[in-house]
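Visitor: Quick one: this structure, given as C-alpha cells, is what I'll be asking you about.
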Amino acid sequence: MVSEIYYNPAMNGRLRGKTVLVTGGGQGIGRAAAAAFAKEGASVAICGRDAGNLGAVAAELRALGAKVVAESCDVSDEGQVSEFIAAVLRELGPIDVLINNAAVLGPMGPLAKASFADWRATMAANLDGPFLVTREVLKASMQKRERGVVINVSSGQGRKGTAGWGPYAASKFGLEGMTQVWADEARGAGIRFYTLSPGPTATKMRAAAAPGEDPKTIKSPAVAAQAFVALALDDCAYPTGSALRLDPAGSILTA
C-alpha cells in the first residue's frame, strides 16, 4: 500500500525513461524524493544502511509502477559504492540523476568537545560519501554520455555555521565547495551540479537537532521532494554550480 504522503494524482511522467539514484533513500527527504521521481515515470535506485526501511520504500515505489533497485550501502565505503553503482547500471541502465542525500547529524555541542572519532564519522558520511558516489557515477555513466544532473543536499549550516553544529556545518561547507569544483570541471560537458538546502523539514534528523519543535510548523519531506524533480528536468534554467535553498513553502531560491 502506498503511503498517503506520496499520493499525487497529478503524476505526468516528465522523467519517463530516466534513471535516478537517491542515497539515503530509506527515510525522510530521500524517501520522499524517490517517490516523487517514481511518480514522474523514472526508474529509481535507492541505498541506505537500514535494509528494512529500504525494503518498505522499494515496495512503495514498485506500487507506483517504478522499476527499482534497493540495496544496503555505506556510501563512505569505496568498495560498497562501486558494487552498488555497478548493480544499478546492470539493472536499470545509465544514471541520469544523482541525489546525494545520505547524511548524519553528528555530535551537537561545542566543537572543542567533539571527539575525533565523531568528527571523522560525520565527514565520512557527509563529505566522503558524496565524493565517492559522484565520482563513480560520473566515471561509469554521466561522463560517457555527456549529460546528467547531480544534486547535493546541503544545509543553511553549510553557508553560515553556528554554535553547536561544528562537524555537521564543516561537512556541509565542504560539500558546497566540492560541488563548485565539480561544476567548474564539468562546465560545457552537459552535466549540471547543484547544492540544495531544504531548510527546516519534518525529518528524524531535524527532530534530533531541534527537539521540541512542532513538525507541523515546518515543511514535509514531500514538499521538499518536488524541488529535486524541478532541478532534474531538462528545461531547468538554473545554471550549473548554483547554490539553492527552499523557502518555507518549498519554492526554490538562490542562496
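Lettering and numbering for the C-alpha cells are positional, with chains as A, B, ... in the shown order, residues counted from 1 in each chain, and ligands counted from 1 in the shown order.
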Where does stretch 140-251 of chain A meet stretch 22-45 of chain A within 6 Å, residue by residue, with the nearest atom pair and distance in Å to one decimal for each, counting only C-alpha atoms, listed by chain and rising number, as JSON lines?
Guide:
{"residue": "A:Thr203", "atom": "CA", "partner": "A:Gly28", "partner_atom": "CA", "distance": 5.3}
{"residue": "A:Pro221", "atom": "CA", "partner": "A:Ile29", "partner_atom": "CA", "distance": 4.8}
{"residue": "A:Ala222", "atom": "CA", "partner": "A:Ala32", "partner_atom": "CA", "distance": 5.1}
{"residue": "A:Ala225", "atom": "CA", "partner": "A:Ala33", "partner_atom": "CA", "distance": 4.4}
Visitor: Contacts of A:Thr217 at 12 Å or less, counting only C-alpha atoms, minus same-chain residues fewer than 5 places along, as a list in words?
Guide: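 Contacts, in chain order: Pro200, Thr201, Ala202, Gly212, Pro248 and Ala249 of chain A.
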Visitor: Selection from above, N, CA and C atoms, as a PDB file, in the first residue's frame, can you write it?
Guide:
ATOM      1  N   PRO A 200      14.273  23.933   7.196  1.00  0.00           N
ATOM      2  CA  PRO A 200      13.595  23.096   8.191  1.00  0.00           C
ATOM      3  C   PRO A 200      12.552  22.180   7.557  1.00  0.00           C
ATOM      4  N   THR A 201      12.732  20.878   7.761  1.00  0.00           N
ATOM      5  CA  THR A 201      11.867  19.858   7.169  1.00  0.00           C
ATOM      6  C   THR A 201      11.597  18.784   8.215  1.00  0.00           C
ATOM      7  N   ALA A 202      10.408  18.282   8.234  1.00  0.00           N
ATOM      8  CA  ALA A 202       9.989  17.335   9.278  1.00  0.00           C
ATOM      9  C   ALA A 202      10.615  15.956   9.060  1.00  0.00           C
ATOM     10  N   GLY A 212      11.611  19.405  20.512  1.00  0.00           N
ATOM     11  CA  GLY A 212      10.532  20.263  20.968  1.00  0.00           C
ATOM     12  C   GLY A 212       9.855  21.043  19.866  1.00  0.00           C
ATOM     13  N   PRO A 248       9.916  28.398   3.130  1.00  0.00           N
ATOM     14  CA  PRO A 248       9.015  27.537   3.898  1.00  0.00           C
ATOM     15  C   PRO A 248       7.936  26.849   3.070  1.00  0.00           C
ATOM     16  N   ALA A 249       7.560  27.450   1.937  1.00  0.00           N
ATOM     17  CA  ALA A 249       6.526  26.856   1.095  1.00  0.00           C
ATOM     18  C   ALA A 249       7.087  25.855   0.087  1.00  0.00           C
TER      19      ALA A 249
END
Visitor: When distances are computed from only C-alpha atoms, which of A:Gly17, A:Leu105, A:Arg147, A:Val223 shows the smallest separation from A:Arg206?
Guide: A:Leu105
Visitor: Where does DSSP see strand (DSSP E or B) in stretch 58-155 of chain A, if you list the residues as a list in words?
Guide: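 Listing strand (DSSP E or B) positions across stretch 58-155 of chain A yields Val68, Val69, Ala70, Glu71, Ser72, Val97, Leu98, Ile99, Asn100, Gly109, Gly148, Val149, Val150, Ile151, Asn152 and Val153 of chain A.
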Visitor: Could you turn the residues from that selection into a file that holds N, CA and C atoms, as a PDB file, in the first residue's frame?
Guide:
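Just written: again_15.pdb:
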ATOM      1  N   VAL A  68      12.851  -0.644  -9.759  1.00  0.00           N
ATOM      2  CA  VAL A  68      13.569  -0.240  -8.554  1.00  0.00           C
ATOM      3  C   VAL A  68      14.770  -1.137  -8.284  1.00  0.00           C
ATOM      4  N   VAL A  69      15.863  -0.522  -7.844  1.00  0.00           N
ATOM      5  CA  VAL A  69      16.978  -1.229  -7.226  1.00  0.00           C
ATOM      6  C   VAL A  69      17.150  -0.640  -5.836  1.00  0.00           C
ATOM      7  N   ALA A  70      17.133  -1.474  -4.815  1.00  0.00           N
ATOM      8  CA  ALA A  70      17.285  -1.020  -3.433  1.00  0.00           C
ATOM      9  C   ALA A  70      18.294  -1.927  -2.738  1.00  0.00           C
ATOM     10  N   GLU A  71      19.404  -1.351  -2.314  1.00  0.00           N
ATOM     11  CA  GLU A  71      20.458  -2.146  -1.683  1.00  0.00           C
ATOM     12  C   GLU A  71      21.062  -1.400  -0.512  1.00  0.00           C
ATOM     13  N   SER A  72      21.463  -2.166   0.507  1.00  0.00           N
ATOM     14  CA  SER A  72      22.216  -1.583   1.611  1.00  0.00           C
ATOM     15  C   SER A  72      23.580  -1.154   1.088  1.00  0.00           C
ATOM     16  N   VAL A  97      20.233  11.039 -13.102  1.00  0.00           N
ATOM     17  CA  VAL A  97      20.123  11.997 -11.998  1.00  0.00           C
ATOM     18  C   VAL A  97      20.660  11.347 -10.725  1.00  0.00           C
ATOM     19  N   LEU A  98      21.507  12.071 -10.008  1.00  0.00           N
ATOM     20  CA  LEU A  98      22.036  11.606  -8.728  1.00  0.00           C
ATOM     21  C   LEU A  98      21.654  12.592  -7.641  1.00  0.00           C
ATOM     22  N   ILE A  99      21.032  12.085  -6.581  1.00  0.00           N
ATOM     23  CA  ILE A  99      20.714  12.893  -5.410  1.00  0.00           C
ATOM     24  C   ILE A  99      21.572  12.388  -4.258  1.00  0.00           C
ATOM     25  N   ASN A 100      22.591  13.145  -3.884  1.00  0.00           N
ATOM     26  CA  ASN A 100      23.426  12.804  -2.736  1.00  0.00           C
ATOM     27  C   ASN A 100      22.749  13.332  -1.480  1.00  0.00           C
ATOM     28  N   GLY A 109      26.908  20.310  19.984  1.00  0.00           N
ATOM     29  CA  GLY A 109      27.556  20.866  21.160  1.00  0.00           C
ATOM     30  C   GLY A 109      28.827  21.594  20.779  1.00  0.00           C
ATOM     31  N   GLY A 148      23.668  14.716 -17.529  1.00  0.00           N
ATOM     32  CA  GLY A 148      23.288  14.253 -16.202  1.00  0.00           C
ATOM     33  C   GLY A 148      23.100  15.425 -15.256  1.00  0.00           C
ATOM     34  N   VAL A 149      22.504  15.133 -14.107  1.00  0.00           N
ATOM     35  CA  VAL A 149      22.263  16.130 -13.067  1.00  0.00           C
ATOM     36  C   VAL A 149      22.679  15.539 -11.728  1.00  0.00           C
ATOM     37  N   VAL A 150      23.463  16.290 -10.966  1.00  0.00           N
ATOM     38  CA  VAL A 150      23.873  15.891  -9.624  1.00  0.00           C
ATOM     39  C   VAL A 150      23.384  16.955  -8.652  1.00  0.00           C
ATOM     40  N   ILE A 151      22.584  16.543  -7.672  1.00  0.00           N
ATOM     41  CA  ILE A 151      22.067  17.460  -6.654  1.00  0.00           C
ATOM     42  C   ILE A 151      22.587  17.006  -5.299  1.00  0.00           C
ATOM     43  N   ASN A 152      23.376  17.853  -4.661  1.00  0.00           N
ATOM     44  CA  ASN A 152      23.921  17.555  -3.345  1.00  0.00           C
ATOM     45  C   ASN A 152      23.093  18.266  -2.285  1.00  0.00           C
ATOM     46  N   VAL A 153      22.572  17.497  -1.335  1.00  0.00           N
ATOM     47  CA  VAL A 153      21.706  18.062  -0.303  1.00  0.00           C
ATOM     48  C   VAL A 153      22.565  18.746   0.755  1.00  0.00           C
TER      49      VAL A 153
END
Visitor: Running DSSP on the backbone, which parts of stretch 14-78 of chain A land in alpha helix (DSSP H), as a list in words?
Guide: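 Put together, the selection reads Gly28, Ile29, Gly30, Arg31, Ala32, Ala33, Ala34, Ala35, Ala36, Phe37, Ala38, Lys39, Ala51, Gly52, Asn53, Leu54, Gly55, Ala56, Val57, Ala58, Ala59, Glu60, Leu61, Arg62, Ala63 and Glu78 of chain A.
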Visitor: Suppose we keep C-alpha atoms; can you now write the selection as an mmCIF file, in the first residue's frame?
Guide:
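Written output follows (result-v4.cif):
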data_model
loop_
_atom_site.group_PDB
_atom_site.id
_atom_site.type_symbol
_atom_site.label_atom_id
_atom_site.label_comp_id
_atom_site.auth_asym_id
_atom_site.auth_seq_id
_atom_site.Cartn_x
_atom_site.Cartn_y
_atom_site.Cartn_z
ATOM 1 C CA GLY A 28 12.906 11.335 5.289
ATOM 2 C CA ILE A 29 13.709 13.551 2.332
ATOM 3 C CA GLY A 30 15.379 10.715 0.418
ATOM 4 C CA ARG A 31 12.311 8.540 0.680
ATOM 5 C CA ALA A 32 10.006 11.343 -0.434
ATOM 6 C CA ALA A 33 12.324 12.256 -3.320
ATOM 7 C CA ALA A 34 12.424 8.645 -4.509
ATOM 8 C CA ALA A 35 8.613 8.561 -4.557
ATOM 9 C CA ALA A 36 8.388 11.888 -6.377
ATOM 10 C CA PHE A 37 10.700 10.615 -9.114
ATOM 11 C CA ALA A 38 8.782 7.344 -9.373
ATOM 12 C CA LYS A 39 5.575 9.292 -9.914
ATOM 13 C CA ALA A 51 17.651 -2.902 4.927
ATOM 14 C CA GLY A 52 14.182 -2.947 6.472
ATOM 15 C CA ASN A 53 13.470 0.669 5.553
ATOM 16 C CA LEU A 54 14.817 0.143 2.048
ATOM 17 C CA GLY A 55 12.556 -2.860 1.506
ATOM 18 C CA ALA A 56 9.479 -0.922 2.573
ATOM 19 C CA VAL A 57 10.312 2.018 0.325
ATOM 20 C CA ALA A 58 11.095 -0.281 -2.611
ATOM 21 C CA ALA A 59 7.632 -1.837 -2.254
ATOM 22 C CA GLU A 60 6.006 1.607 -2.295
ATOM 23 C CA LEU A 61 7.959 2.630 -5.389
ATOM 24 C CA ARG A 62 7.015 -0.541 -7.227
ATOM 25 C CA ALA A 63 3.375 0.063 -6.306
ATOM 26 C CA GLU A 78 34.597 2.831 -1.712
#
Visitor: So that I can see what lies close to A:Asp184, please list as a short mmCIF file (atom, residue, chain, number, x, y, z; two decimals) with N, CA and C atoms, in the first residue's frame the residues with an atom at most 10 Å from it, counting only C-alpha atoms and leaving out residues fewer than 6 positions away in the same chain.
Guide:
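Okay, this is what ended up in out_26.cif:
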data_model
loop_
_atom_site.label_atom_id
_atom_site.label_comp_id
_atom_site.auth_asym_id
_atom_site.auth_seq_id
_atom_site.Cartn_x
_atom_site.Cartn_y
_atom_site.Cartn_z
N MET A 178 33.03 21.43 -2.77
CA MET A 178 33.26 20.32 -3.68
C MET A 178 32.31 20.40 -4.88
N ARG A 192 25.02 18.98 -15.06
CA ARG A 192 24.72 20.07 -14.14
C ARG A 192 24.90 19.63 -12.69
N PHE A 193 25.45 20.54 -11.87
CA PHE A 193 25.65 20.30 -10.45
C PHE A 193 24.97 21.39 -9.64
N THR A 240 24.55 25.53 -13.86
CA THR A 240 25.33 24.58 -13.08
C THR A 240 26.19 25.31 -12.06
N GLY A 241 26.33 24.70 -10.89
CA GLY A 241 27.08 25.31 -9.81
C GLY A 241 26.25 26.15 -8.87
#
Visitor: Give me, as an NGL selection string, all polymer residues having an atom no more than 10 Å from A:Ala112, counting only C-alpha atoms and skipping those fewer than 3 positions away in the same chain.
Guide: :A and (109 or 115 or 164 or 166)
Visitor: For the selection you just gave me, I'd like the residues written to a file as an mmCIF file, in the first residue's frame, keeping C-alpha atoms.
Guide:
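Output (again.cif):
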data_model
loop_
_atom_site.group_PDB
_atom_site.id
_atom_site.type_symbol
_atom_site.label_atom_id
_atom_site.label_comp_id
_atom_site.auth_asym_id
_atom_site.auth_seq_id
_atom_site.Cartn_x
_atom_site.Cartn_y
_atom_site.Cartn_z
ATOM 1 C CA GLY A 109 27.556 20.866 21.160
ATOM 2 C CA SER A 115 35.741 13.603 19.653
ATOM 3 C CA GLY A 164 26.733 23.689 18.388
ATOM 4 C CA GLY A 166 30.501 22.089 14.336
#
Visitor: Between atom CA of A:Asp96 and atom CA of A:Met123, what is the distance, to one decimal in Å?
Guide: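 Taking atom CA of A:Asp96 as the start and atom CA of A:Met123 as the end point, the length is 26.2 Å.
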Visitor: From the list A:Ala232, A:Val81, A:Ala255, A:Val104, which residue is nearest A:Arg135 when using only C-alpha atoms?
Guide: A:Val81
Visitor: Calculated over only C-alpha atoms, which of the candidates A:Val75, A:Ala114, A:Ala230, A:Ala66 has the smallest distance to A:Lys18?
Guide: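 So, comparing all the options, the nearest one is A:Ala66.
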Visitor: Calculate how many Å separate atom CA of A:Ser251 from atom CA of A:Ala227, rounding to one decimal.
Guide: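 So the answer is 7.4 Å.
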Visitor: Could you give me, as a ChimeraX atom specification, the residues within 6 Å of A:Gln157, counting only C-alpha atoms and dropping anything in the same chain fewer than 3 positions from it?
Guide: /A:160-161,169
Visitor: To one decimal place, how far is atom CA of A:Gly174 from atom CA of A:Leu132 in Å?
Guide: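 If I compute the distance from atom CA of A:Gly174 to atom CA of A:Leu132, I get 13.9 Å.
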Visitor: Name all residues at most 10 Å from A:Gly199 (count only C-alpha atoms; drop same-chain ones fewer than 3 positions away) and give them as a PyMOL selection string.
Guide: chain A and resi 154-157+196+202+206+218-219+224+245-248+250
Visitor: Mind writing the picked residues with C-alpha atoms as a tab-separated table (two decimals), in the first residue's frame?
Guide:
chain	number	residue	atom	x	y	z
A	154	SER	CA	23.25	20.86	1.72
A	155	SER	CA	22.12	22.95	4.67
A	156	GLY	CA	21.97	26.50	5.88
A	157	GLN	CA	24.73	25.37	8.22
A	196	LEU	CA	20.11	22.49	-2.39
A	202	ALA	CA	9.99	17.33	9.28
A	206	ARG	CA	15.55	17.69	12.25
A	218	ILE	CA	7.72	23.12	9.06
A	219	LYS	CA	7.57	21.68	5.55
A	224	ALA	CA	10.92	19.37	-0.42
A	245	ARG	CA	17.59	26.86	-0.97
A	246	LEU	CA	13.90	26.32	-0.31
A	247	ASP	CA	11.60	28.81	1.37
A	248	PRO	CA	9.02	27.54	3.90
A	250	GLY	CA	9.04	24.82	-0.92
